[in-house]
Every structure is written in structure tokens, then in C-alpha cells.
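Enquirer: Please find work35.cif (mmCIF, N, CA and C atoms) on the next line:
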```
data_structure
#
loop_
_atom_site.label_atom_id
_atom_site.label_comp_id
_atom_site.auth_asym_id
_atom_site.auth_seq_id
_atom_site.Cartn_x
_atom_site.Cartn_y
_atom_site.Cartn_z
N MET A 12 -18.92 -13.73 -16.44
CA MET A 12 -19.59 -12.46 -16.26
C MET A 12 -18.77 -11.38 -16.94
N LEU A 13 -19.42 -10.49 -17.68
CA LEU A 13 -18.75 -9.39 -18.34
C LEU A 13 -18.73 -8.17 -17.43
N ARG A 14 -17.60 -7.46 -17.51
CA ARG A 14 -17.49 -6.22 -16.74
C ARG A 14 -17.10 -5.10 -17.68
N SER A 15 -17.55 -3.92 -17.38
CA SER A 15 -17.16 -2.75 -18.17
C SER A 15 -15.73 -2.37 -17.83
N VAL A 16 -15.09 -1.68 -18.76
CA VAL A 16 -13.74 -1.21 -18.52
C VAL A 16 -13.75 -0.28 -17.32
N GLY A 17 -12.77 -0.46 -16.44
CA GLY A 17 -12.66 0.40 -15.27
C GLY A 17 -13.38 -0.11 -14.05
N GLN A 18 -14.20 -1.14 -14.19
CA GLN A 18 -14.88 -1.69 -13.03
C GLN A 18 -13.98 -2.72 -12.36
N THR A 19 -14.14 -2.86 -11.07
CA THR A 19 -13.37 -3.84 -10.32
C THR A 19 -14.33 -4.82 -9.68
N ARG A 20 -13.80 -5.98 -9.37
CA ARG A 20 -14.61 -6.98 -8.68
C ARG A 20 -14.86 -6.53 -7.26
N VAL A 21 -15.92 -7.06 -6.69
CA VAL A 21 -16.26 -6.77 -5.31
C VAL A 21 -16.47 -8.10 -4.61
N THR A 22 -15.94 -8.21 -3.39
CA THR A 22 -16.09 -9.45 -2.64
C THR A 22 -17.51 -9.56 -2.11
N GLU A 23 -17.82 -10.70 -1.53
CA GLU A 23 -19.16 -10.90 -0.94
C GLU A 23 -19.47 -9.86 0.12
N SER A 24 -18.42 -9.38 0.80
CA SER A 24 -18.63 -8.37 1.83
C SER A 24 -18.82 -6.98 1.24
N GLY A 25 -18.68 -6.86 -0.10
CA GLY A 25 -18.86 -5.58 -0.74
C GLY A 25 -17.58 -4.77 -0.85
N GLU A 26 -16.45 -5.35 -0.47
CA GLU A 26 -15.18 -4.63 -0.50
C GLU A 26 -14.37 -5.00 -1.74
N ASP A 27 -13.69 -4.03 -2.28
CA ASP A 27 -12.79 -4.23 -3.40
C ASP A 27 -11.68 -5.18 -2.94
N PRO A 28 -11.42 -6.27 -3.67
CA PRO A 28 -10.38 -7.21 -3.25
C PRO A 28 -8.99 -6.59 -3.22
N ARG A 29 -8.77 -5.54 -4.00
CA ARG A 29 -7.48 -4.85 -3.94
C ARG A 29 -7.30 -4.19 -2.58
N ALA A 30 -8.37 -3.62 -2.06
CA ALA A 30 -8.31 -2.99 -0.74
C ALA A 30 -8.05 -4.03 0.34
N THR A 31 -8.67 -5.20 0.20
CA THR A 31 -8.43 -6.28 1.15
C THR A 31 -6.97 -6.70 1.13
N GLU A 32 -6.42 -6.83 -0.06
CA GLU A 32 -5.01 -7.22 -0.21
C GLU A 32 -4.09 -6.17 0.40
N LEU A 33 -4.37 -4.90 0.15
CA LEU A 33 -3.54 -3.84 0.71
C LEU A 33 -3.65 -3.80 2.22
N ARG A 34 -4.84 -3.94 2.74
CA ARG A 34 -5.03 -3.94 4.20
C ARG A 34 -4.23 -5.08 4.84
N THR A 35 -4.27 -6.26 4.23
CA THR A 35 -3.54 -7.42 4.75
C THR A 35 -2.03 -7.19 4.71
N ALA A 36 -1.55 -6.66 3.58
CA ALA A 36 -0.11 -6.43 3.42
C ALA A 36 0.40 -5.37 4.39
N VAL A 37 -0.36 -4.29 4.55
CA VAL A 37 0.04 -3.23 5.48
C VAL A 37 0.05 -3.77 6.91
N SER A 38 -0.95 -4.54 7.26
CA SER A 38 -1.02 -5.12 8.60
C SER A 38 0.18 -6.02 8.88
N ARG A 39 0.53 -6.84 7.89
CA ARG A 39 1.67 -7.74 8.05
C ARG A 39 2.97 -6.96 8.26
N LEU A 40 3.20 -5.94 7.43
CA LEU A 40 4.43 -5.16 7.57
C LEU A 40 4.46 -4.40 8.89
N ARG A 41 3.32 -3.89 9.31
CA ARG A 41 3.27 -3.19 10.61
C ARG A 41 3.64 -4.14 11.76
N ARG A 42 3.10 -5.37 11.70
CA ARG A 42 3.42 -6.36 12.75
C ARG A 42 4.90 -6.71 12.74
N GLU A 43 5.43 -6.95 11.54
CA GLU A 43 6.84 -7.34 11.45
C GLU A 43 7.76 -6.19 11.86
N LEU A 44 7.39 -4.98 11.51
CA LEU A 44 8.18 -3.81 11.91
C LEU A 44 8.14 -3.63 13.43
N ALA A 45 6.97 -3.80 14.01
CA ALA A 45 6.84 -3.67 15.47
C ALA A 45 7.65 -4.74 16.20
N GLY A 46 7.75 -5.93 15.62
CA GLY A 46 8.49 -7.01 16.25
C GLY A 46 9.97 -7.02 15.94
N HIS A 47 10.41 -6.15 15.05
CA HIS A 47 11.84 -6.12 14.68
C HIS A 47 12.63 -5.45 15.80
N PRO A 48 13.65 -6.13 16.32
CA PRO A 48 14.35 -5.61 17.49
C PRO A 48 15.26 -4.41 17.23
N ALA A 49 15.77 -4.28 16.04
CA ALA A 49 16.74 -3.21 15.77
C ALA A 49 16.03 -1.86 15.63
N GLU A 50 16.66 -0.87 16.19
CA GLU A 50 16.20 0.51 16.00
C GLU A 50 16.99 1.09 14.84
N PHE A 51 16.32 1.87 14.01
CA PHE A 51 17.00 2.55 12.93
C PHE A 51 16.38 3.93 12.79
N PRO A 52 17.14 4.88 12.25
CA PRO A 52 16.72 6.29 12.29
C PRO A 52 15.37 6.60 11.66
N ASP A 53 15.00 5.91 10.59
CA ASP A 53 13.77 6.25 9.87
C ASP A 53 12.59 5.35 10.19
N ARG A 54 12.68 4.63 11.29
CA ARG A 54 11.60 3.72 11.68
C ARG A 54 10.27 4.47 11.84
N GLY A 55 10.32 5.63 12.44
CA GLY A 55 9.12 6.43 12.66
C GLY A 55 8.45 6.84 11.35
N ILE A 56 9.26 7.13 10.33
CA ILE A 56 8.71 7.48 9.02
C ILE A 56 7.94 6.30 8.45
N ALA A 57 8.54 5.12 8.54
CA ALA A 57 7.87 3.91 8.02
C ALA A 57 6.56 3.68 8.77
N GLU A 58 6.58 3.81 10.09
CA GLU A 58 5.36 3.59 10.87
C GLU A 58 4.29 4.61 10.51
N ASP A 59 4.68 5.87 10.34
CA ASP A 59 3.72 6.92 9.98
C ASP A 59 3.09 6.66 8.61
N GLU A 60 3.91 6.28 7.64
CA GLU A 60 3.39 6.05 6.29
C GLU A 60 2.55 4.79 6.21
N LEU A 61 2.87 3.78 7.01
CA LEU A 61 2.01 2.60 7.07
C LEU A 61 0.65 2.98 7.65
N ALA A 62 0.65 3.88 8.63
CA ALA A 62 -0.61 4.37 9.20
C ALA A 62 -1.41 5.13 8.15
N VAL A 63 -0.73 5.90 7.30
CA VAL A 63 -1.40 6.63 6.22
C VAL A 63 -2.07 5.64 5.26
N LEU A 64 -1.33 4.60 4.85
CA LEU A 64 -1.90 3.60 3.95
C LEU A 64 -3.10 2.91 4.59
N ALA A 65 -2.97 2.56 5.86
CA ALA A 65 -4.08 1.89 6.55
C ALA A 65 -5.31 2.79 6.61
N ALA A 66 -5.10 4.07 6.85
CA ALA A 66 -6.22 5.02 6.92
C ALA A 66 -6.88 5.19 5.55
N MET A 67 -6.07 5.22 4.50
CA MET A 67 -6.65 5.35 3.15
C MET A 67 -7.51 4.15 2.81
N VAL A 68 -7.05 2.97 3.15
CA VAL A 68 -7.83 1.76 2.87
C VAL A 68 -9.10 1.75 3.70
N ALA A 69 -8.98 2.13 4.96
CA ALA A 69 -10.15 2.15 5.84
C ALA A 69 -11.17 3.17 5.35
N GLY A 70 -10.69 4.27 4.77
CA GLY A 70 -11.57 5.31 4.26
C GLY A 70 -12.30 4.91 2.99
N GLY A 71 -11.79 3.88 2.32
CA GLY A 71 -12.47 3.35 1.15
C GLY A 71 -12.16 4.02 -0.18
N ASP A 72 -11.31 5.03 -0.19
CA ASP A 72 -11.01 5.70 -1.44
C ASP A 72 -9.52 6.06 -1.51
N PRO A 73 -8.66 5.04 -1.64
CA PRO A 73 -7.22 5.32 -1.66
C PRO A 73 -6.82 6.10 -2.92
N GLU A 74 -5.94 7.06 -2.74
CA GLU A 74 -5.43 7.87 -3.84
C GLU A 74 -4.13 7.24 -4.34
N ILE A 75 -4.09 6.87 -5.60
CA ILE A 75 -2.93 6.17 -6.15
C ILE A 75 -1.64 6.97 -6.00
N PRO A 76 -1.61 8.25 -6.34
CA PRO A 76 -0.34 8.99 -6.18
C PRO A 76 0.13 9.02 -4.72
N ARG A 77 -0.80 9.18 -3.81
CA ARG A 77 -0.42 9.23 -2.38
C ARG A 77 0.03 7.87 -1.90
N MET A 78 -0.61 6.80 -2.38
CA MET A 78 -0.18 5.45 -1.99
C MET A 78 1.25 5.19 -2.48
N ARG A 79 1.54 5.60 -3.71
CA ARG A 79 2.88 5.39 -4.26
C ARG A 79 3.91 6.22 -3.51
N ARG A 80 3.56 7.41 -3.11
CA ARG A 80 4.48 8.25 -2.32
C ARG A 80 4.76 7.58 -0.97
N SER A 81 3.72 7.09 -0.33
CA SER A 81 3.91 6.39 0.95
C SER A 81 4.80 5.17 0.77
N LEU A 82 4.57 4.42 -0.30
CA LEU A 82 5.38 3.24 -0.57
C LEU A 82 6.85 3.62 -0.72
N LEU A 83 7.14 4.69 -1.45
CA LEU A 83 8.53 5.13 -1.62
C LEU A 83 9.15 5.53 -0.29
N LEU A 84 8.40 6.23 0.54
CA LEU A 84 8.92 6.63 1.84
C LEU A 84 9.19 5.42 2.73
N ILE A 85 8.27 4.46 2.70
CA ILE A 85 8.45 3.25 3.50
C ILE A 85 9.68 2.48 3.02
N ALA A 86 9.79 2.31 1.71
CA ALA A 86 10.93 1.59 1.14
C ALA A 86 12.24 2.28 1.48
N GLY A 87 12.26 3.60 1.41
CA GLY A 87 13.46 4.34 1.76
C GLY A 87 13.80 4.23 3.23
N ALA A 88 12.78 4.14 4.07
CA ALA A 88 13.01 4.07 5.51
C ALA A 88 13.47 2.69 5.98
N ILE A 89 12.94 1.63 5.36
CA ILE A 89 13.28 0.28 5.86
C ILE A 89 13.92 -0.60 4.80
N GLY A 90 14.24 -0.03 3.65
CA GLY A 90 14.78 -0.82 2.55
C GLY A 90 16.05 -1.58 2.87
N SER A 91 16.83 -1.08 3.81
CA SER A 91 18.09 -1.75 4.14
C SER A 91 17.92 -2.85 5.18
N VAL A 92 16.72 -3.03 5.70
CA VAL A 92 16.46 -4.07 6.69
C VAL A 92 15.94 -5.30 5.95
N SER A 93 16.86 -6.20 5.64
CA SER A 93 16.51 -7.34 4.77
C SER A 93 15.44 -8.24 5.37
N ALA A 94 15.34 -8.30 6.68
CA ALA A 94 14.33 -9.15 7.31
C ALA A 94 12.91 -8.69 6.99
N LEU A 95 12.76 -7.43 6.63
CA LEU A 95 11.44 -6.87 6.34
C LEU A 95 11.13 -6.87 4.84
N ALA A 96 12.08 -7.30 4.02
CA ALA A 96 11.92 -7.24 2.57
C ALA A 96 10.69 -8.00 2.05
N PRO A 97 10.42 -9.22 2.51
CA PRO A 97 9.23 -9.91 1.98
C PRO A 97 7.92 -9.18 2.29
N ALA A 98 7.80 -8.65 3.49
CA ALA A 98 6.58 -7.92 3.86
C ALA A 98 6.49 -6.61 3.09
N LEU A 99 7.61 -5.95 2.88
CA LEU A 99 7.63 -4.72 2.09
C LEU A 99 7.21 -5.02 0.65
N MET A 100 7.68 -6.13 0.10
CA MET A 100 7.29 -6.52 -1.26
C MET A 100 5.79 -6.79 -1.33
N GLY A 101 5.23 -7.33 -0.27
CA GLY A 101 3.78 -7.55 -0.22
C GLY A 101 3.01 -6.25 -0.32
N VAL A 102 3.49 -5.21 0.36
CA VAL A 102 2.84 -3.90 0.29
C VAL A 102 2.98 -3.34 -1.12
N ARG A 103 4.18 -3.47 -1.68
CA ARG A 103 4.38 -2.97 -3.05
C ARG A 103 3.45 -3.67 -4.03
N ASN A 104 3.36 -4.97 -3.95
CA ASN A 104 2.47 -5.71 -4.85
C ASN A 104 1.01 -5.30 -4.67
N ALA A 105 0.61 -5.05 -3.43
CA ALA A 105 -0.77 -4.63 -3.17
C ALA A 105 -1.04 -3.23 -3.74
N VAL A 106 -0.08 -2.33 -3.61
CA VAL A 106 -0.24 -0.99 -4.18
C VAL A 106 -0.32 -1.09 -5.70
N ASP A 107 0.51 -1.96 -6.28
CA ASP A 107 0.50 -2.14 -7.74
C ASP A 107 -0.84 -2.64 -8.27
N LEU A 108 -1.62 -3.32 -7.45
CA LEU A 108 -2.93 -3.79 -7.89
C LEU A 108 -3.85 -2.64 -8.28
N PHE A 109 -3.59 -1.46 -7.74
CA PHE A 109 -4.43 -0.30 -8.02
C PHE A 109 -4.08 0.35 -9.36
N GLY A 110 -3.01 -0.09 -9.98
CA GLY A 110 -2.64 0.41 -11.30
C GLY A 110 -1.72 1.60 -11.26
N GLU A 111 -1.53 2.13 -12.43
CA GLU A 111 -0.63 3.27 -12.60
C GLU A 111 -1.34 4.57 -12.23
N ILE A 112 -0.54 5.58 -12.01
CA ILE A 112 -1.07 6.92 -11.75
C ILE A 112 -1.66 7.43 -13.08
N PRO A 113 -2.91 7.86 -13.06
CA PRO A 113 -3.50 8.37 -14.30
C PRO A 113 -2.70 9.56 -14.82
N PRO A 114 -2.53 9.67 -16.15
CA PRO A 114 -1.78 10.79 -16.69
C PRO A 114 -2.49 12.11 -16.41
N GLN A 115 -1.70 13.15 -16.21
CA GLN A 115 -2.28 14.46 -15.96
C GLN A 115 -2.63 15.12 -17.29
N ARG A 116 -3.73 15.82 -17.28
CA ARG A 116 -4.15 16.53 -18.49
C ARG A 116 -3.29 17.76 -18.69
N GLN A 117 -2.97 18.01 -19.92
CA GLN A 117 -2.22 19.22 -20.26
C GLN A 117 -3.21 20.37 -20.42
N PRO A 118 -2.90 21.54 -19.84
CA PRO A 118 -3.82 22.70 -19.95
C PRO A 118 -3.91 23.24 -21.35
#
```
As C-alpha cells, please, write out the structure in this file.

Expert:
Amino acid sequence: MLRSVGQTRVTESGEDPRATELRTAVSRLRRELAGHPAEFPDRGIAEDELAVLAAMVAGGDPEIPRMRRSLLLIAGAIGSVSALAPALMGVRNAVDLFGEIPPQRQP
């Protein structure tokens, strides 16, 4: 099947598979973070930004720049917790599926 440039595949349920992947990755990291016994100072930041990502996916129109900002905040908040690294990488890979930030037009 041919697709036009800029079009994405849609699953049988009508959802963009990138959104499905991001939803799954965010859910996994949220579960692993909730189950991690150690407290660390920026845990709340990571939880808040994961909630932002989940809300964007649920809303159906995630903004690439905002997703990347959330990813950076999450990585900065939990990057030193090696037990969470695989789940964090899953979120990063899912965000990367949405592509690069479109270049800004010069006035």
C-alpha cells in the first residue's frame, strides 16, 4: 500500500501505532517508578512529567517539542537510577518515533 509523505499508519482500532507505543512505554516507566523503593529528590518531577506525557497521548495530539522537554526532565530526574534505565529508554524510543522537532520559520 502506498502512503503519502507525512501520513502515518493507523491500527485497526484507529490509533496511531506511535501513540500506542508511547502509552505503553509511559505506563511501564510509571509502574516501575512507583515500585522503586528508593526515594530521591526529583521523583515528583518525573511523576509529573510522565503524567504530562500520558495526558498528551490520551488527548490524541502530542506536541513534539513538549514531549521532548518532558523526556529531558524525566531523564534528569531519574537518570541516575540505573534500575529504571531500560524503562526510561523505552520512553525515549517511543518519543523518537514521532520524529524531530519541525524547524522554525525565520520571520

Enquirer: Would you return as a compact mmCIF listing (two decimals) with N, CA and C atoms, in the frame of the given file the members of chain A that DSSP assigns to helix (DSSP H, G or I) on this structure's backbone?

Expert:
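Result went into selection-v9.txt, see below:
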```txt
# COMPACT_ATOMS: atom_id res chain seq x y z
N PRO A 28 -11.42 -6.27 -3.67
CA PRO A 28 -10.38 -7.21 -3.25
C PRO A 28 -8.99 -6.59 -3.22
N ARG A 29 -8.77 -5.54 -4.00
CA ARG A 29 -7.48 -4.85 -3.94
C ARG A 29 -7.30 -4.19 -2.58
N ALA A 30 -8.37 -3.62 -2.06
CA ALA A 30 -8.31 -2.99 -0.74
C ALA A 30 -8.05 -4.03 0.34
N THR A 31 -8.67 -5.20 0.20
CA THR A 31 -8.43 -6.28 1.15
C THR A 31 -6.97 -6.70 1.13
N GLU A 32 -6.42 -6.83 -0.06
CA GLU A 32 -5.01 -7.22 -0.21
C GLU A 32 -4.09 -6.17 0.40
N LEU A 33 -4.37 -4.90 0.15
CA LEU A 33 -3.54 -3.84 0.71
C LEU A 33 -3.65 -3.80 2.22
N ARG A 34 -4.84 -3.94 2.74
CA ARG A 34 -5.03 -3.94 4.20
C ARG A 34 -4.23 -5.08 4.84
N THR A 35 -4.27 -6.26 4.23
CA THR A 35 -3.54 -7.42 4.75
C THR A 35 -2.03 -7.19 4.71
N ALA A 36 -1.55 -6.66 3.58
CA ALA A 36 -0.11 -6.43 3.42
C ALA A 36 0.40 -5.37 4.39
N VAL A 37 -0.36 -4.29 4.55
CA VAL A 37 0.04 -3.23 5.48
C VAL A 37 0.05 -3.77 6.91
N SER A 38 -0.95 -4.54 7.26
CA SER A 38 -1.02 -5.12 8.60
C SER A 38 0.18 -6.02 8.88
N ARG A 39 0.53 -6.84 7.89
CA ARG A 39 1.67 -7.74 8.05
C ARG A 39 2.97 -6.96 8.26
N LEU A 40 3.20 -5.94 7.43
CA LEU A 40 4.43 -5.16 7.57
C LEU A 40 4.46 -4.40 8.89
N ARG A 41 3.32 -3.89 9.31
CA ARG A 41 3.27 -3.19 10.61
C ARG A 41 3.64 -4.14 11.76
N ARG A 42 3.10 -5.37 11.70
CA ARG A 42 3.42 -6.36 12.75
C ARG A 42 4.90 -6.71 12.74
N GLU A 43 5.43 -6.95 11.54
CA GLU A 43 6.84 -7.34 11.45
C GLU A 43 7.76 -6.19 11.86
N LEU A 44 7.39 -4.98 11.51
CA LEU A 44 8.18 -3.81 11.91
C LEU A 44 8.14 -3.63 13.43
N ALA A 45 6.97 -3.80 14.01
CA ALA A 45 6.84 -3.67 15.47
C ALA A 45 7.65 -4.74 16.20
N GLY A 46 7.75 -5.93 15.62
CA GLY A 46 8.49 -7.01 16.25
C GLY A 46 9.97 -7.02 15.94
N ARG A 54 12.68 4.63 11.29
CA ARG A 54 11.60 3.72 11.68
C ARG A 54 10.27 4.47 11.84
N GLY A 55 10.32 5.63 12.44
CA GLY A 55 9.12 6.43 12.66
C GLY A 55 8.45 6.84 11.35
N ILE A 56 9.26 7.13 10.33
CA ILE A 56 8.71 7.48 9.02
C ILE A 56 7.94 6.30 8.45
N ALA A 57 8.54 5.12 8.54
CA ALA A 57 7.87 3.91 8.02
C ALA A 57 6.56 3.68 8.77
N GLU A 58 6.58 3.81 10.09
CA GLU A 58 5.36 3.59 10.87
C GLU A 58 4.29 4.61 10.51
N ASP A 59 4.68 5.87 10.34
CA ASP A 59 3.72 6.92 9.98
C ASP A 59 3.09 6.66 8.61
N GLU A 60 3.91 6.28 7.64
CA GLU A 60 3.39 6.05 6.29
C GLU A 60 2.55 4.79 6.21
N LEU A 61 2.87 3.78 7.01
CA LEU A 61 2.01 2.60 7.07
C LEU A 61 0.65 2.98 7.65
N ALA A 62 0.65 3.88 8.63
CA ALA A 62 -0.61 4.37 9.20
C ALA A 62 -1.41 5.13 8.15
N VAL A 63 -0.73 5.90 7.30
CA VAL A 63 -1.40 6.63 6.22
C VAL A 63 -2.07 5.64 5.26
N LEU A 64 -1.33 4.60 4.85
CA LEU A 64 -1.90 3.60 3.95
C LEU A 64 -3.10 2.91 4.59
N ALA A 65 -2.97 2.56 5.86
CA ALA A 65 -4.08 1.89 6.55
C ALA A 65 -5.31 2.79 6.61
N ALA A 66 -5.10 4.07 6.85
CA ALA A 66 -6.22 5.02 6.92
C ALA A 66 -6.88 5.19 5.55
N MET A 67 -6.07 5.22 4.50
CA MET A 67 -6.65 5.35 3.15
C MET A 67 -7.51 4.15 2.81
N VAL A 68 -7.05 2.97 3.15
CA VAL A 68 -7.83 1.76 2.87
C VAL A 68 -9.10 1.75 3.70
N ALA A 69 -8.98 2.13 4.96
CA ALA A 69 -10.15 2.15 5.84
C ALA A 69 -11.17 3.17 5.35
N GLY A 70 -10.69 4.27 4.77
CA GLY A 70 -11.57 5.31 4.26
C GLY A 70 -12.30 4.91 2.99
N ILE A 75 -4.09 6.87 -5.60
CA ILE A 75 -2.93 6.17 -6.15
C ILE A 75 -1.64 6.97 -6.00
N PRO A 76 -1.61 8.25 -6.34
CA PRO A 76 -0.34 8.99 -6.18
C PRO A 76 0.13 9.02 -4.72
N ARG A 77 -0.80 9.18 -3.81
CA ARG A 77 -0.42 9.23 -2.38
C ARG A 77 0.03 7.87 -1.90
N MET A 78 -0.61 6.80 -2.38
CA MET A 78 -0.18 5.45 -1.99
C MET A 78 1.25 5.19 -2.48
N ARG A 79 1.54 5.60 -3.71
CA ARG A 79 2.88 5.39 -4.26
C ARG A 79 3.91 6.22 -3.51
N ARG A 80 3.56 7.41 -3.11
CA ARG A 80 4.48 8.25 -2.32
C ARG A 80 4.76 7.58 -0.97
N SER A 81 3.72 7.09 -0.33
CA SER A 81 3.91 6.39 0.95
C SER A 81 4.80 5.17 0.77
N LEU A 82 4.57 4.42 -0.30
CA LEU A 82 5.38 3.24 -0.57
C LEU A 82 6.85 3.62 -0.72
N LEU A 83 7.14 4.69 -1.45
CA LEU A 83 8.53 5.13 -1.62
C LEU A 83 9.15 5.53 -0.29
N LEU A 84 8.40 6.23 0.54
CA LEU A 84 8.92 6.63 1.84
C LEU A 84 9.19 5.42 2.73
N ILE A 85 8.27 4.46 2.70
CA ILE A 85 8.45 3.25 3.50
C ILE A 85 9.68 2.48 3.02
N ALA A 86 9.79 2.31 1.71
CA ALA A 86 10.93 1.59 1.14
C ALA A 86 12.24 2.28 1.48
N GLY A 87 12.26 3.60 1.41
CA GLY A 87 13.46 4.34 1.76
C GLY A 87 13.80 4.23 3.23
N ALA A 88 12.78 4.14 4.07
CA ALA A 88 13.01 4.07 5.51
C ALA A 88 13.47 2.69 5.98
N ILE A 89 12.94 1.63 5.36
CA ILE A 89 13.28 0.28 5.86
C ILE A 89 13.92 -0.60 4.80
N SER A 93 16.86 -6.20 5.64
CA SER A 93 16.51 -7.34 4.77
C SER A 93 15.44 -8.24 5.37
N ALA A 94 15.34 -8.30 6.68
CA ALA A 94 14.33 -9.15 7.31
C ALA A 94 12.91 -8.69 6.99
N LEU A 95 12.76 -7.43 6.63
CA LEU A 95 11.44 -6.87 6.34
C LEU A 95 11.13 -6.87 4.84
N ALA A 96 12.08 -7.30 4.02
CA ALA A 96 11.92 -7.24 2.57
C ALA A 96 10.69 -8.00 2.05
N PRO A 97 10.42 -9.22 2.51
CA PRO A 97 9.23 -9.91 1.98
C PRO A 97 7.92 -9.18 2.29
N ALA A 98 7.80 -8.65 3.49
CA ALA A 98 6.58 -7.92 3.86
C ALA A 98 6.49 -6.61 3.09
N LEU A 99 7.61 -5.95 2.88
CA LEU A 99 7.63 -4.72 2.09
C LEU A 99 7.21 -5.02 0.65
N MET A 100 7.68 -6.13 0.10
CA MET A 100 7.29 -6.52 -1.26
C MET A 100 5.79 -6.79 -1.33
N GLY A 101 5.23 -7.33 -0.27
CA GLY A 101 3.78 -7.55 -0.22
C GLY A 101 3.01 -6.25 -0.32
N VAL A 102 3.49 -5.21 0.36
CA VAL A 102 2.84 -3.90 0.29
C VAL A 102 2.98 -3.34 -1.12
N ARG A 103 4.18 -3.47 -1.68
CA ARG A 103 4.38 -2.97 -3.05
C ARG A 103 3.45 -3.67 -4.03
N ASN A 104 3.36 -4.97 -3.95
CA ASN A 104 2.47 -5.71 -4.85
C ASN A 104 1.01 -5.30 -4.67
N ALA A 105 0.61 -5.05 -3.43
CA ALA A 105 -0.77 -4.63 -3.17
C ALA A 105 -1.04 -3.23 -3.74
N VAL A 106 -0.08 -2.33 -3.61
CA VAL A 106 -0.24 -0.99 -4.18
C VAL A 106 -0.32 -1.09 -5.70
N ASP A 107 0.51 -1.96 -6.28
CA ASP A 107 0.50 -2.14 -7.74
C ASP A 107 -0.84 -2.64 -8.27
```

Enquirer: Return as a JSON list (two decimals) with N, CA and C atoms, keeping the file's coordinate frame the set of residues that the PyMOL selection byres ((chain A and resi 88-104) around 6.5) yields on the displayed structure.

Expert:
```json
[["chain", "number", "residue", "atom", "x", "y", "z"],
["A", 33, "LEU", "N", -4.37, -4.90, 0.15],
["A", 33, "LEU", "CA", -3.54, -3.84, 0.71],
["A", 33, "LEU", "C", -3.65, -3.80, 2.22],
["A", 36, "ALA", "N", -1.55, -6.66, 3.58],
["A", 36, "ALA", "CA", -0.11, -6.43, 3.42],
["A", 36, "ALA", "C", 0.40, -5.37, 4.39],
["A", 37, "VAL", "N", -0.36, -4.29, 4.55],
["A", 37, "VAL", "CA", 0.04, -3.23, 5.48],
["A", 37, "VAL", "C", 0.05, -3.77, 6.91],
["A", 39, "ARG", "N", 0.53, -6.84, 7.89],
["A", 39, "ARG", "CA", 1.67, -7.74, 8.05],
["A", 39, "ARG", "C", 2.97, -6.96, 8.26],
["A", 40, "LEU", "N", 3.20, -5.94, 7.43],
["A", 40, "LEU", "CA", 4.43, -5.16, 7.57],
["A", 40, "LEU", "C", 4.46, -4.40, 8.89],
["A", 53, "ASP", "N", 15.00, 5.91, 10.59],
["A", 53, "ASP", "CA", 13.77, 6.25, 9.87],
["A", 53, "ASP", "C", 12.59, 5.35, 10.19],
["A", 54, "ARG", "N", 12.68, 4.63, 11.29],
["A", 54, "ARG", "CA", 11.60, 3.72, 11.68],
["A", 54, "ARG", "C", 10.27, 4.47, 11.84],
["A", 56, "ILE", "N", 9.26, 7.13, 10.33],
["A", 56, "ILE", "CA", 8.71, 7.48, 9.02],
["A", 56, "ILE", "C", 7.94, 6.30, 8.45],
["A", 57, "ALA", "N", 8.54, 5.12, 8.54],
["A", 57, "ALA", "CA", 7.87, 3.91, 8.02],
["A", 57, "ALA", "C", 6.56, 3.68, 8.77],
["A", 83, "LEU", "N", 7.14, 4.69, -1.45],
["A", 83, "LEU", "CA", 8.53, 5.13, -1.62],
["A", 83, "LEU", "C", 9.15, 5.53, -0.29],
["A", 84, "LEU", "N", 8.40, 6.23, 0.54],
["A", 84, "LEU", "CA", 8.92, 6.63, 1.84],
["A", 84, "LEU", "C", 9.19, 5.42, 2.73],
["A", 85, "ILE", "N", 8.27, 4.46, 2.70],
["A", 85, "ILE", "CA", 8.45, 3.25, 3.50],
["A", 85, "ILE", "C", 9.68, 2.48, 3.02],
["A", 86, "ALA", "N", 9.79, 2.31, 1.71],
["A", 86, "ALA", "CA", 10.93, 1.59, 1.14],
["A", 86, "ALA", "C", 12.24, 2.28, 1.48],
["A", 87, "GLY", "N", 12.26, 3.60, 1.41],
["A", 87, "GLY", "CA", 13.46, 4.34, 1.76],
["A", 87, "GLY", "C", 13.80, 4.23, 3.23],
["A", 105, "ALA", "N", 0.61, -5.05, -3.43],
["A", 105, "ALA", "CA", -0.77, -4.63, -3.17],
["A", 105, "ALA", "C", -1.04, -3.23, -3.74],
["A", 106, "VAL", "N", -0.08, -2.33, -3.61],
["A", 106, "VAL", "CA", -0.24, -0.99, -4.18],
["A", 106, "VAL", "C", -0.32, -1.09, -5.70],
["A", 107, "ASP", "N", 0.51, -1.96, -6.28],
["A", 107, "ASP", "CA", 0.50, -2.14, -7.74],
["A", 107, "ASP", "C", -0.84, -2.64, -8.27],
["A", 108, "LEU", "N", -1.62, -3.32, -7.45],
["A", 108, "LEU", "CA", -2.93, -3.79, -7.89],
["A", 108, "LEU", "C", -3.85, -2.64, -8.28]]
```

Enquirer: Could you tell me how far atom N of Gly46 in chain A sits from CA of Asp27 in chain A, in Å to one decimal place?

Expert: 28.0 Å

Enquirer: Near Gly71 in chain A, within 12 Å and counting only C-alpha atoms, which residues show up once chain neighbours fewer than 4 positions away are dropped, as a list in words?

Expert: Gly25, Glu26, Asp27, Pro28, Arg29, Ala30, Thr31, Leu33, Arg34, Leu64, Ala65, Ala66 and Met67 of chain A

Enquirer: One decimal, in Å: what's the spacing between atom C of Glu111 in chain A and CA of Arg41 in chain A?

Expert: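 Taking atom C of Glu111 in chain A as the start and CA of Arg41 in chain A as the end point, the length is 24.6 Å.
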
Enquirer: Atom N of Glu60 in chain A and CA of Asp72 in chain A, how far apart in Å?

Expert: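 Going from CA of Asp72 in chain A over to atom N of Glu60 in chain A, I get 17.5 Å.
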